Amino acid sequence: MGTQSTPDLSTQAPSLSLSTVAVIGLGTMGTGIAEVLTRAGREVIGIDTDEAAARHAVSALESATARAVQRERLTERERQDALARFRTFTDLQAAADADLVIEVVPEDYELKRQVFAELDAVVRPDTILATGTNALSVTRLAADSQRPERVLGVHFFNPAPAMKLVEVVSSVLTAPTAVAAVTELARDLGKDPIAVGDRPGFVADGLLFGYLNQAAAMYESKYATREDIDAAMRLGCGLPMGPLALLDLIGVDTARTVLEAMYTESQDRLHAPAPILGQLAEAGLTGRKAGRGFYTYEAPGSATVVPDAESPASADELAAGRTVTGVGVAGSGTMASGIAEVFAKAGYKVVLAARSLEKAEKAKARIGKSLGRSVDKGRMSAETRDAALAAITPAGSLDAFADVDLAVEAVAEDLAVKQELFRTLDKVCKPGAVLATTTSSLPVVACARATSRPQDVIGMHFFNPAPAMKLVEVVRTVLTADDVHATVRSVCTKVRKHPVDCGDRAGFIVNALLFPYLNNAIKMVEEHYATLDDIDAAMKLGGGYPMGPFELLDVVGLDVSLAIEKVLHAEFRDPGLAPSPLLEHLVAAGCLGRKTGRGFREYARR
């Protein structure tokens, strides 16, 4: 991968005035960019060889500005002025007076090169030419132009009026004045520009598309359903959309093109497009725009998903489960306390067992404080709190699990410790009791084999904090009985969690998709391609992520992150999953994130 440094936008030469902007290509992105520019007071020349596209762009701008007036974000006078600043044409000659030209034609190099060649003969010598590509080489386009110092990339995100991020892409040929002018324009538009070098995907898409590609491969392998993959990433990571729904929105064909470009440069197998992307694209099943992709939609262009042959079965079609009234939770840490709280609030009788009665009582006291905060915030009544607390019986031994119907362990993430615990559960729990592990990285079947009843063992991976997080990954081994699986799914629903099914392999769904993405973010910093702050900003502003990758790594803990990445690398043997050396060095230095006061960033000691 390239290690090209990027310019410091704060120290560039005085910039040029960009009052008239031509936008070439009036599809969804071009129309959105035109709206942003006109509303910010720029004269906009919209150019598209398709007259219908030009008419649609005008109509879209009229509708968008009318909505803005209704919401009191614009006055009617401001709306009329904005509309008057937008003119459409079908000929590139109309760009002759533009200070800046932004092309957003389809991702085809020859088409873009031809547009730039024609513009060379039309625009003024000082006009800046910007490409909206996120997959093709800006440097190559610049080199093929007669004015390479005036060529750069300006990558808006869809929908352009709403998304704050703009990536300003310079090549080794780009003049600093051009970069400064476009950066200043982006700020004037109310956007947050970040400086990036020229490589496929830049920052946001460079991280995003690798993750989307792995999700597509996970679905293709039938490891999990499309609904469960999407729900897992929305509920487990707080993402605005699941990866397969997002691929349908972006366009399966577009994603494949971006990944091909990324793989050509990186040769990283994680970027090699999953075969299903090619199969769907060749079949014309390119996502929402075609009415069908990973999902089926009401009509081409519709966002409404309709049932199809792959839609999940209804609850009454699933196998019958076992009766659960009493639940045992083993452990006294944060996760064990949270899980016990979840079950108690749902009306189950809970036995909370720790290595000593004192530890179990402290864990119950912690639950009492948590429930008290819910009462203080008006989320539950004092009576409900008291009932939940009364349902929890602390115990100093697993012998107290003799009558429970479901035993859930939440002890240290150490296979030997868990296996010893399961051997004990096998002895003390009654026949027919379901035995569950909350492991996030260890093989569930190894816990199952420690018992004489592996068919009764399953994974229930809660997310932290358990009372707040809606997701539970339900992990079946090859030995798990159907009624055990049905029991756990039913219990998850009763405790108001969303269960997703997955097989017993490293990372399950969420960690298997999340941690390679985090690892790739670290590699970007290692290669001096972008800064921590720019990468975090890119993923929050361009991807809608609740936290940037480095913020998240410091919260999770760098030691925990490294351990998970090592497990993934050991299981899948993919060189692209090898933990970043920078992560290993930080862990070796004791810089583990917020808990130690220093990780990728430094934190004030409490």
# chains A, B, ... in the order shown; residues from 1 in each chain; ligands from 1

$ residues_around --residues "Ala466 of chain A" --least-positions-apart "6" --cutoff "9 Å" --atoms "only C-alpha atoms" --output "list in words"
Thr334, Met335, Ala336, Ser337, Gly338, Ile339, Glu341 and Val342 of chain A

$ write_last_selection --atoms "N, CA and C atoms" --output "mmCIF file, in the first residue's frame"
data_model
loop_
_atom_site.group_PDB
_atom_site.id
_atom_site.type_symbol
_atom_site.label_atom_id
_atom_site.label_comp_id
_atom_site.auth_asym_id
_atom_site.auth_seq_id
_atom_site.Cartn_x
_atom_site.Cartn_y
_atom_site.Cartn_z
ATOM 1 N N THR A 334 -18.430 -7.534 36.023
ATOM 2 C CA THR A 334 -19.383 -6.624 35.387
ATOM 3 C C THR A 334 -20.359 -7.365 34.489
ATOM 4 N N MET A 335 -19.831 -8.290 33.690
ATOM 5 C CA MET A 335 -20.702 -9.003 32.749
ATOM 6 C C MET A 335 -21.673 -9.918 33.483
ATOM 7 N N ALA A 336 -21.187 -10.660 34.464
ATOM 8 C CA ALA A 336 -22.071 -11.554 35.228
ATOM 9 C C ALA A 336 -23.167 -10.761 35.926
ATOM 10 N N SER A 337 -22.814 -9.642 36.547
ATOM 11 C CA SER A 337 -23.804 -8.807 37.229
ATOM 12 C C SER A 337 -24.835 -8.284 36.237
ATOM 13 N N GLY A 338 -24.357 -7.839 35.075
ATOM 14 C CA GLY A 338 -25.272 -7.311 34.063
ATOM 15 C C GLY A 338 -26.240 -8.352 33.554
ATOM 16 N N ILE A 339 -25.745 -9.570 33.328
ATOM 17 C CA ILE A 339 -26.610 -10.647 32.834
ATOM 18 C C ILE A 339 -27.633 -11.043 33.896
ATOM 19 N N GLU A 341 -28.839 -9.125 36.162
ATOM 20 C CA GLU A 341 -29.821 -8.024 36.180
ATOM 21 C C GLU A 341 -30.841 -8.183 35.054
ATOM 22 N N VAL A 342 -30.359 -8.533 33.874
ATOM 23 C CA VAL A 342 -31.251 -8.712 32.711
ATOM 24 C C VAL A 342 -32.312 -9.776 33.007
#

$ residues_around --residues "segment 94-96 of chain A" --least-positions-apart "4" --cutoff "12 Å" --atoms "only C-alpha atoms" --output "PyMOL selection string"
chain A and resi 20-24+43-49+87-90+100-103+115-116+118-129

$ write_last_selection --atoms "N, CA, C and O atoms" --output "tab-separated table (two decimals), in the first residue's frame"
chain	number	residue	atom	x	y	z
A	20	THR	N	-18.02	30.02	-8.90
A	20	THR	CA	-18.82	29.33	-9.91
A	20	THR	C	-18.29	27.90	-10.05
A	20	THR	O	-17.09	27.70	-10.33
A	21	VAL	N	-19.16	26.94	-9.87
A	21	VAL	CA	-18.75	25.53	-9.87
A	21	VAL	C	-19.59	24.76	-10.89
A	21	VAL	O	-20.82	24.85	-10.89
A	22	ALA	N	-18.92	24.00	-11.73
A	22	ALA	CA	-19.62	23.11	-12.65
A	22	ALA	C	-19.63	21.71	-12.06
A	22	ALA	O	-18.60	21.23	-11.58
A	23	VAL	N	-20.78	21.06	-12.08
A	23	VAL	CA	-20.92	19.69	-11.62
A	23	VAL	C	-21.29	18.84	-12.83
A	23	VAL	O	-22.33	19.04	-13.46
A	24	ILE	N	-20.42	17.89	-13.16
A	24	ILE	CA	-20.64	17.06	-14.35
A	24	ILE	C	-21.11	15.68	-13.91
A	24	ILE	O	-20.40	14.96	-13.21
A	43	GLU	N	-22.73	29.80	-7.63
A	43	GLU	CA	-23.37	29.61	-8.93
A	43	GLU	C	-23.00	28.21	-9.41
A	43	GLU	O	-21.82	27.85	-9.42
A	44	VAL	N	-24.00	27.42	-9.79
A	44	VAL	CA	-23.74	26.02	-10.15
A	44	VAL	C	-24.19	25.75	-11.58
A	44	VAL	O	-25.35	26.03	-11.94
A	45	ILE	N	-23.27	25.21	-12.34
A	45	ILE	CA	-23.56	24.80	-13.72
A	45	ILE	C	-23.65	23.29	-13.72
A	45	ILE	O	-22.65	22.59	-13.53
A	46	GLY	N	-24.85	22.75	-13.85
A	46	GLY	CA	-25.04	21.30	-13.88
A	46	GLY	C	-24.99	20.79	-15.30
A	46	GLY	O	-25.70	21.30	-16.17
A	47	ILE	N	-24.15	19.78	-15.53
A	47	ILE	CA	-23.98	19.27	-16.90
A	47	ILE	C	-24.21	17.76	-16.92
A	47	ILE	O	-23.60	17.01	-16.14
A	48	ASP	N	-25.10	17.32	-17.80
A	48	ASP	CA	-25.33	15.89	-18.01
A	48	ASP	C	-25.82	15.71	-19.43
A	48	ASP	O	-26.69	16.44	-19.90
A	49	THR	N	-25.25	14.74	-20.14
A	49	THR	CA	-25.66	14.50	-21.53
A	49	THR	C	-27.09	14.00	-21.63
A	49	THR	O	-27.71	14.07	-22.69
A	87	ARG	N	-28.22	26.17	-13.00
A	87	ARG	CA	-28.58	26.07	-14.41
A	87	ARG	C	-28.05	24.74	-14.96
A	87	ARG	O	-26.97	24.31	-14.56
A	88	THR	N	-28.79	24.12	-15.84
A	88	THR	CA	-28.37	22.82	-16.38
A	88	THR	C	-28.13	22.90	-17.88
A	88	THR	O	-28.78	23.66	-18.60
A	89	PHE	N	-27.17	22.07	-18.32
A	89	PHE	CA	-26.77	22.02	-19.73
A	89	PHE	C	-26.44	20.57	-20.09
A	89	PHE	O	-26.25	19.73	-19.21
A	90	THR	N	-26.34	20.32	-21.39
A	90	THR	CA	-25.98	18.98	-21.86
A	90	THR	C	-24.61	18.95	-22.52
A	90	THR	O	-24.18	17.91	-23.00
A	100	LEU	N	-14.21	26.02	-10.62
A	100	LEU	CA	-13.98	24.64	-10.19
A	100	LEU	C	-14.93	23.74	-10.94
A	100	LEU	O	-16.12	24.06	-11.09
A	101	VAL	N	-14.44	22.60	-11.40
A	101	VAL	CA	-15.29	21.59	-12.03
A	101	VAL	C	-15.20	20.31	-11.18
A	101	VAL	O	-14.10	19.86	-10.85
A	102	ILE	N	-16.35	19.77	-10.81
A	102	ILE	CA	-16.39	18.51	-10.06
A	102	ILE	C	-17.08	17.47	-10.93
A	102	ILE	O	-18.25	17.63	-11.28
A	103	GLU	N	-16.35	16.44	-11.34
A	103	GLU	CA	-16.99	15.39	-12.15
A	103	GLU	C	-17.41	14.25	-11.24
A	103	GLU	O	-16.64	13.80	-10.39
A	115	VAL	N	-13.63	12.92	-20.18
A	115	VAL	CA	-14.22	14.17	-19.66
A	115	VAL	C	-13.12	15.18	-19.35
A	115	VAL	O	-13.22	16.37	-19.72
A	116	PHE	N	-12.04	14.74	-18.71
A	116	PHE	CA	-10.95	15.65	-18.37
A	116	PHE	C	-10.25	16.17	-19.62
A	116	PHE	O	-9.87	17.35	-19.69
A	118	GLU	N	-11.59	16.68	-22.58
A	118	GLU	CA	-12.46	17.69	-23.18
A	118	GLU	C	-12.45	18.98	-22.36
A	118	GLU	O	-12.49	20.08	-22.92
A	119	LEU	N	-12.40	18.84	-21.04
A	119	LEU	CA	-12.36	20.04	-20.19
A	119	LEU	C	-11.08	20.84	-20.40
A	119	LEU	O	-11.10	22.08	-20.32
A	120	ASP	N	-9.97	20.15	-20.67
A	120	ASP	CA	-8.70	20.85	-20.92
A	120	ASP	C	-8.85	21.88	-22.03
A	120	ASP	O	-8.19	22.92	-22.02
A	121	ALA	N	-9.71	21.58	-22.99
A	121	ALA	CA	-9.88	22.47	-24.14
A	121	ALA	C	-10.95	23.52	-23.91
A	121	ALA	O	-11.15	24.41	-24.75
A	122	VAL	N	-11.65	23.43	-22.77
A	122	VAL	CA	-12.80	24.30	-22.53
A	122	VAL	C	-12.55	25.32	-21.42
A	122	VAL	O	-12.85	26.51	-21.58
A	123	VAL	N	-12.00	24.89	-20.31
A	123	VAL	CA	-11.94	25.74	-19.12
A	123	VAL	C	-10.72	26.67	-19.14
A	123	VAL	O	-9.79	26.49	-19.93
A	124	ARG	N	-10.72	27.66	-18.26
A	124	ARG	CA	-9.62	28.60	-18.14
A	124	ARG	C	-8.37	27.89	-17.58
A	124	ARG	O	-8.48	26.87	-16.90
A	125	PRO	N	-7.20	28.45	-17.80
A	125	PRO	CA	-5.97	27.82	-17.29
A	125	PRO	C	-5.93	27.70	-15.77
A	125	PRO	O	-5.27	26.80	-15.24
A	126	ASP	N	-6.64	28.60	-15.05
A	126	ASP	CA	-6.58	28.55	-13.59
A	126	ASP	C	-7.72	27.75	-12.97
A	126	ASP	O	-7.82	27.65	-11.75
A	127	THR	N	-8.58	27.15	-13.79
A	127	THR	CA	-9.71	26.36	-13.27
A	127	THR	C	-9.20	25.07	-12.62
A	127	THR	O	-8.32	24.39	-13.16
A	128	ILE	N	-9.76	24.75	-11.47
A	128	ILE	CA	-9.41	23.50	-10.78
A	128	ILE	C	-10.34	22.39	-11.26
A	128	ILE	O	-11.56	22.59	-11.34
A	129	LEU	N	-9.77	21.24	-11.57
A	129	LEU	CA	-10.55	20.08	-12.02
A	129	LEU	C	-10.53	19.03	-10.91
A	129	LEU	O	-9.46	18.56	-10.50

$ atom_distance --atom1 "atom CA of Asp268 of chain A" --atom2 "atom CA of Ala521 of chain A"
14.1 Å

$ residues_around --residues "segment 175-190 of chain A" --least-positions-apart "6" --cutoff "12 Å" --atoms "only C-alpha atoms" --output "number ranges by chain"
A: 6-21, 33-42, 99-102, 126-131, 142, 147-156, 160-169, 196-197

$ closest_residue --among "A:Val252, A:Ile458, A:Ala481, A:Val500" --to "Asp230 of chain A" --atoms "only C-alpha atoms"
A:Val500

$ atom_distance --atom1 "atom CA of Ser311 of chain A" --atom2 "atom CA of Glu298 of chain A"
14.3 Å

$ residues_around --residues "Asn511 of chain A" --least-positions-apart "2" --cutoff "10 Å" --atoms "only C-alpha atoms" --output "PyMOL selection string"
chain A and resi 232-233+236-237+440-441+506-509+513-517+561+564-565+568

$ closest_residue --among "A:Gly593, A:Gly287, A:Gly201, A:Gly503" --to "Leu553 of chain A" --atoms "only C-alpha atoms"
A:Gly593

$ select_by_dssp --residues "segment 439-577 of chain A" --states "alpha helix (DSSP H)" --output "PyMOL selection string"
chain A and resi 444-448+482-494+510-526+532-543+549-556+558-572

$ closest_residue --among "A:Leu541, A:Ala391, A:Ala53, A:Ile367" --to "Ala204 of chain A" --atoms "only C-alpha atoms"
A:Leu541

$ select_by_dssp --residues "segment 65-191 of chain A" --states "strand (DSSP E or B)" --output "ChimeraX atom specification"
/A:86-89,100-103,128-131,151-156,165-169

$ write_last_selection --atoms "N, CA, C and O atoms" --output "PDB file, in the first residue's frame"
ATOM      1  N   PHE A  86     -28.892  27.677 -10.028  1.00  0.00           N
ATOM      2  CA  PHE A  86     -28.651  26.352 -10.624  1.00  0.00           C
ATOM      3  C   PHE A  86     -29.153  26.333 -12.065  1.00  0.00           C
ATOM      4  O   PHE A  86     -30.345  26.473 -12.326  1.00  0.00           O
ATOM      5  N   ARG A  87     -28.223  26.169 -12.996  1.00  0.00           N
ATOM      6  CA  ARG A  87     -28.576  26.075 -14.413  1.00  0.00           C
ATOM      7  C   ARG A  87     -28.047  24.743 -14.956  1.00  0.00           C
ATOM      8  O   ARG A  87     -26.968  24.306 -14.558  1.00  0.00           O
ATOM      9  N   THR A  88     -28.795  24.123 -15.843  1.00  0.00           N
ATOM     10  CA  THR A  88     -28.373  22.822 -16.378  1.00  0.00           C
ATOM     11  C   THR A  88     -28.125  22.897 -17.883  1.00  0.00           C
ATOM     12  O   THR A  88     -28.780  23.664 -18.603  1.00  0.00           O
ATOM     13  N   PHE A  89     -27.172  22.074 -18.323  1.00  0.00           N
ATOM     14  CA  PHE A  89     -26.770  22.023 -19.732  1.00  0.00           C
ATOM     15  C   PHE A  89     -26.443  20.572 -20.094  1.00  0.00           C
ATOM     16  O   PHE A  89     -26.247  19.733 -19.214  1.00  0.00           O
ATOM     17  N   LEU A 100     -14.214  26.022 -10.621  1.00  0.00           N
ATOM     18  CA  LEU A 100     -13.978  24.638 -10.186  1.00  0.00           C
ATOM     19  C   LEU A 100     -14.932  23.737 -10.937  1.00  0.00           C
ATOM     20  O   LEU A 100     -16.117  24.059 -11.087  1.00  0.00           O
ATOM     21  N   VAL A 101     -14.443  22.605 -11.403  1.00  0.00           N
ATOM     22  CA  VAL A 101     -15.286  21.588 -12.032  1.00  0.00           C
ATOM     23  C   VAL A 101     -15.197  20.314 -11.179  1.00  0.00           C
ATOM     24  O   VAL A 101     -14.096  19.860 -10.846  1.00  0.00           O
ATOM     25  N   ILE A 102     -16.349  19.769 -10.806  1.00  0.00           N
ATOM     26  CA  ILE A 102     -16.388  18.506 -10.062  1.00  0.00           C
ATOM     27  C   ILE A 102     -17.077  17.472 -10.933  1.00  0.00           C
ATOM     28  O   ILE A 102     -18.253  17.632 -11.278  1.00  0.00           O
ATOM     29  N   GLU A 103     -16.347  16.438 -11.343  1.00  0.00           N
ATOM     30  CA  GLU A 103     -16.992  15.390 -12.148  1.00  0.00           C
ATOM     31  C   GLU A 103     -17.407  14.246 -11.244  1.00  0.00           C
ATOM     32  O   GLU A 103     -16.635  13.802 -10.388  1.00  0.00           O
ATOM     33  N   ILE A 128      -9.758  24.749 -11.467  1.00  0.00           N
ATOM     34  CA  ILE A 128      -9.405  23.501 -10.782  1.00  0.00           C
ATOM     35  C   ILE A 128     -10.339  22.394 -11.258  1.00  0.00           C
ATOM     36  O   ILE A 128     -11.558  22.590 -11.341  1.00  0.00           O
ATOM     37  N   LEU A 129      -9.767  21.243 -11.568  1.00  0.00           N
ATOM     38  CA  LEU A 129     -10.547  20.085 -12.016  1.00  0.00           C
ATOM     39  C   LEU A 129     -10.531  19.026 -10.905  1.00  0.00           C
ATOM     40  O   LEU A 129      -9.463  18.563 -10.502  1.00  0.00           O
ATOM     41  N   ALA A 130     -11.713  18.664 -10.417  1.00  0.00           N
ATOM     42  CA  ALA A 130     -11.806  17.700  -9.318  1.00  0.00           C
ATOM     43  C   ALA A 130     -12.597  16.474  -9.757  1.00  0.00           C
ATOM     44  O   ALA A 130     -13.631  16.586 -10.415  1.00  0.00           O
ATOM     45  N   THR A 131     -12.086  15.321  -9.384  1.00  0.00           N
ATOM     46  CA  THR A 131     -12.818  14.077  -9.643  1.00  0.00           C
ATOM     47  C   THR A 131     -13.473  13.600  -8.355  1.00  0.00           C
ATOM     48  O   THR A 131     -12.893  13.721  -7.273  1.00  0.00           O
ATOM     49  N   VAL A 151      -5.370  19.318 -10.873  1.00  0.00           N
ATOM     50  CA  VAL A 151      -6.272  18.174 -10.723  1.00  0.00           C
ATOM     51  C   VAL A 151      -6.157  17.587  -9.312  1.00  0.00           C
ATOM     52  O   VAL A 151      -5.055  17.369  -8.798  1.00  0.00           O
ATOM     53  N   LEU A 152      -7.292  17.342  -8.701  1.00  0.00           N
ATOM     54  CA  LEU A 152      -7.323  16.693  -7.390  1.00  0.00           C
ATOM     55  C   LEU A 152      -8.629  15.918  -7.249  1.00  0.00           C
ATOM     56  O   LEU A 152      -9.446  15.873  -8.168  1.00  0.00           O
ATOM     57  N   GLY A 153      -8.801  15.292  -6.100  1.00  0.00           N
ATOM     58  CA  GLY A 153     -10.036  14.567  -5.831  1.00  0.00           C
ATOM     59  C   GLY A 153     -10.823  15.285  -4.751  1.00  0.00           C
ATOM     60  O   GLY A 153     -10.240  15.851  -3.820  1.00  0.00           O
ATOM     61  N   VAL A 154     -12.133  15.279  -4.880  1.00  0.00           N
ATOM     62  CA  VAL A 154     -12.988  15.813  -3.821  1.00  0.00           C
ATOM     63  C   VAL A 154     -14.130  14.818  -3.634  1.00  0.00           C
ATOM     64  O   VAL A 154     -15.002  14.677  -4.484  1.00  0.00           O
ATOM     65  N   HIS A 155     -14.049  14.062  -2.547  1.00  0.00           N
ATOM     66  CA  HIS A 155     -14.944  12.926  -2.335  1.00  0.00           C
ATOM     67  C   HIS A 155     -16.005  13.270  -1.308  1.00  0.00           C
ATOM     68  O   HIS A 155     -15.730  13.305  -0.102  1.00  0.00           O
ATOM     69  N   PHE A 156     -17.216  13.573  -1.791  1.00  0.00           N
ATOM     70  CA  PHE A 156     -18.371  13.767  -0.915  1.00  0.00           C
ATOM     71  C   PHE A 156     -18.957  12.402  -0.572  1.00  0.00           C
ATOM     72  O   PHE A 156     -18.702  11.403  -1.248  1.00  0.00           O
ATOM     73  N   LEU A 165     -18.600  14.828   5.998  1.00  0.00           N
ATOM     74  CA  LEU A 165     -17.218  14.576   5.595  1.00  0.00           C
ATOM     75  C   LEU A 165     -16.988  14.868   4.113  1.00  0.00           C
ATOM     76  O   LEU A 165     -17.806  14.534   3.261  1.00  0.00           O
ATOM     77  N   VAL A 166     -15.844  15.497   3.826  1.00  0.00           N
ATOM     78  CA  VAL A 166     -15.340  15.615   2.454  1.00  0.00           C
ATOM     79  C   VAL A 166     -13.860  15.254   2.492  1.00  0.00           C
ATOM     80  O   VAL A 166     -13.093  15.853   3.255  1.00  0.00           O
ATOM     81  N   GLU A 167     -13.459  14.263   1.698  1.00  0.00           N
ATOM     82  CA  GLU A 167     -12.051  13.900   1.594  1.00  0.00           C
ATOM     83  C   GLU A 167     -11.441  14.680   0.422  1.00  0.00           C
ATOM     84  O   GLU A 167     -11.916  14.573  -0.711  1.00  0.00           O
ATOM     85  N   VAL A 168     -10.412  15.482   0.717  1.00  0.00           N
ATOM     86  CA  VAL A 168      -9.707  16.251  -0.309  1.00  0.00           C
ATOM     87  C   VAL A 168      -8.449  15.472  -0.668  1.00  0.00           C
ATOM     88  O   VAL A 168      -7.558  15.292   0.167  1.00  0.00           O
ATOM     89  N   VAL A 169      -8.401  14.991  -1.909  1.00  0.00           N
ATOM     90  CA  VAL A 169      -7.380  14.021  -2.318  1.00  0.00           C
ATOM     91  C   VAL A 169      -6.360  14.684  -3.228  1.00  0.00           C
ATOM     92  O   VAL A 169      -6.693  15.140  -4.326  1.00  0.00           O
TER      93      VAL A 169
END

$ residues_around --residues "segment 412-421 of chain A" --least-positions-apart "2" --cutoff "12 Å" --atoms "only C-alpha atoms" --output "number ranges by chain"
A: 329-336, 353-355, 397-399, 407-410, 423-429, 435-451, 457, 560, 563-564

$ atom_distance --atom1 "atom CA of Arg573 of chain A" --atom2 "atom CA of Pro275 of chain A"
19.4 Å

$ residues_around --residues "Cys492 of chain A" --least-positions-apart "3" --cutoff "12 Å" --atoms "only C-alpha atoms" --output "ChimeraX atom specification"
/A:324,339,342-343,346,406,460-462,466,470-474,485-489,495-501

$ closest_residue --among "A:Leu111, A:Gln267, A:Leu249, A:Asn520" --to "Ala290 of chain A" --atoms "only C-alpha atoms"
A:Leu249

$ decode --residues "segment 200-206 of chain A" --atoms "all heavy atoms" --output "mmCIF file, in the first residue's frame"
data_model
loop_
_atom_site.group_PDB
_atom_site.id
_atom_site.type_symbol
_atom_site.label_atom_id
_atom_site.label_comp_id
_atom_site.auth_asym_id
_atom_site.auth_seq_id
_atom_site.Cartn_x
_atom_site.Cartn_y
_atom_site.Cartn_z
ATOM 1 N N PRO A 200 -6.817 3.831 -3.571
ATOM 2 C CA PRO A 200 -8.236 3.450 -3.696
ATOM 3 C C PRO A 200 -8.954 3.412 -2.361
ATOM 4 O O PRO A 200 -8.457 2.853 -1.388
ATOM 5 C CB PRO A 200 -8.158 2.059 -4.324
ATOM 6 C CG PRO A 200 -6.870 2.050 -5.079
ATOM 7 C CD PRO A 200 -5.928 2.872 -4.244
ATOM 8 N N GLY A 201 -10.138 4.038 -2.334
ATOM 9 C CA GLY A 201 -10.950 4.033 -1.128
ATOM 10 C C GLY A 201 -10.628 5.152 -0.166
ATOM 11 O O GLY A 201 -11.406 5.439 0.738
ATOM 12 N N PHE A 202 -9.428 5.784 -0.324
ATOM 13 C CA PHE A 202 -9.000 6.841 0.575
ATOM 14 C C PHE A 202 -9.112 6.342 2.028
ATOM 15 O O PHE A 202 -8.708 5.220 2.298
ATOM 16 C CB PHE A 202 -9.784 8.130 0.309
ATOM 17 C CG PHE A 202 -9.857 8.478 -1.155
ATOM 18 C CD1 PHE A 202 -11.045 8.810 -1.773
ATOM 19 C CD2 PHE A 202 -8.707 8.434 -1.939
ATOM 20 C CE1 PHE A 202 -11.102 9.099 -3.134
ATOM 21 C CE2 PHE A 202 -8.748 8.729 -3.293
ATOM 22 C CZ PHE A 202 -9.956 9.056 -3.891
ATOM 23 N N VAL A 203 -9.658 7.137 2.946
ATOM 24 C CA VAL A 203 -9.727 6.687 4.341
ATOM 25 C C VAL A 203 -11.032 5.946 4.621
ATOM 26 O O VAL A 203 -11.050 4.750 4.904
ATOM 27 C CB VAL A 203 -9.583 7.872 5.325
ATOM 28 C CG1 VAL A 203 -9.840 7.392 6.756
ATOM 29 C CG2 VAL A 203 -8.184 8.467 5.236
ATOM 30 N N ALA A 204 -12.152 6.649 4.518
ATOM 31 C CA ALA A 204 -13.432 6.072 4.951
ATOM 32 C C ALA A 204 -13.790 4.833 4.144
ATOM 33 O O ALA A 204 -14.070 3.768 4.706
ATOM 34 C CB ALA A 204 -14.541 7.116 4.856
ATOM 35 N N ASP A 205 -13.786 4.953 2.825
ATOM 36 C CA ASP A 205 -14.147 3.794 2.012
ATOM 37 C C ASP A 205 -13.068 2.723 2.045
ATOM 38 O O ASP A 205 -13.350 1.529 1.899
ATOM 39 C CB ASP A 205 -14.422 4.216 0.567
ATOM 40 C CG ASP A 205 -15.767 4.922 0.423
ATOM 41 O OD1 ASP A 205 -16.523 4.944 1.413
ATOM 42 O OD2 ASP A 205 -16.058 5.452 -0.659
ATOM 43 N N GLY A 206 -11.814 3.150 2.250
ATOM 44 C CA GLY A 206 -10.734 2.171 2.361
ATOM 45 C C GLY A 206 -10.948 1.221 3.530
ATOM 46 O O GLY A 206 -10.620 0.040 3.454
#
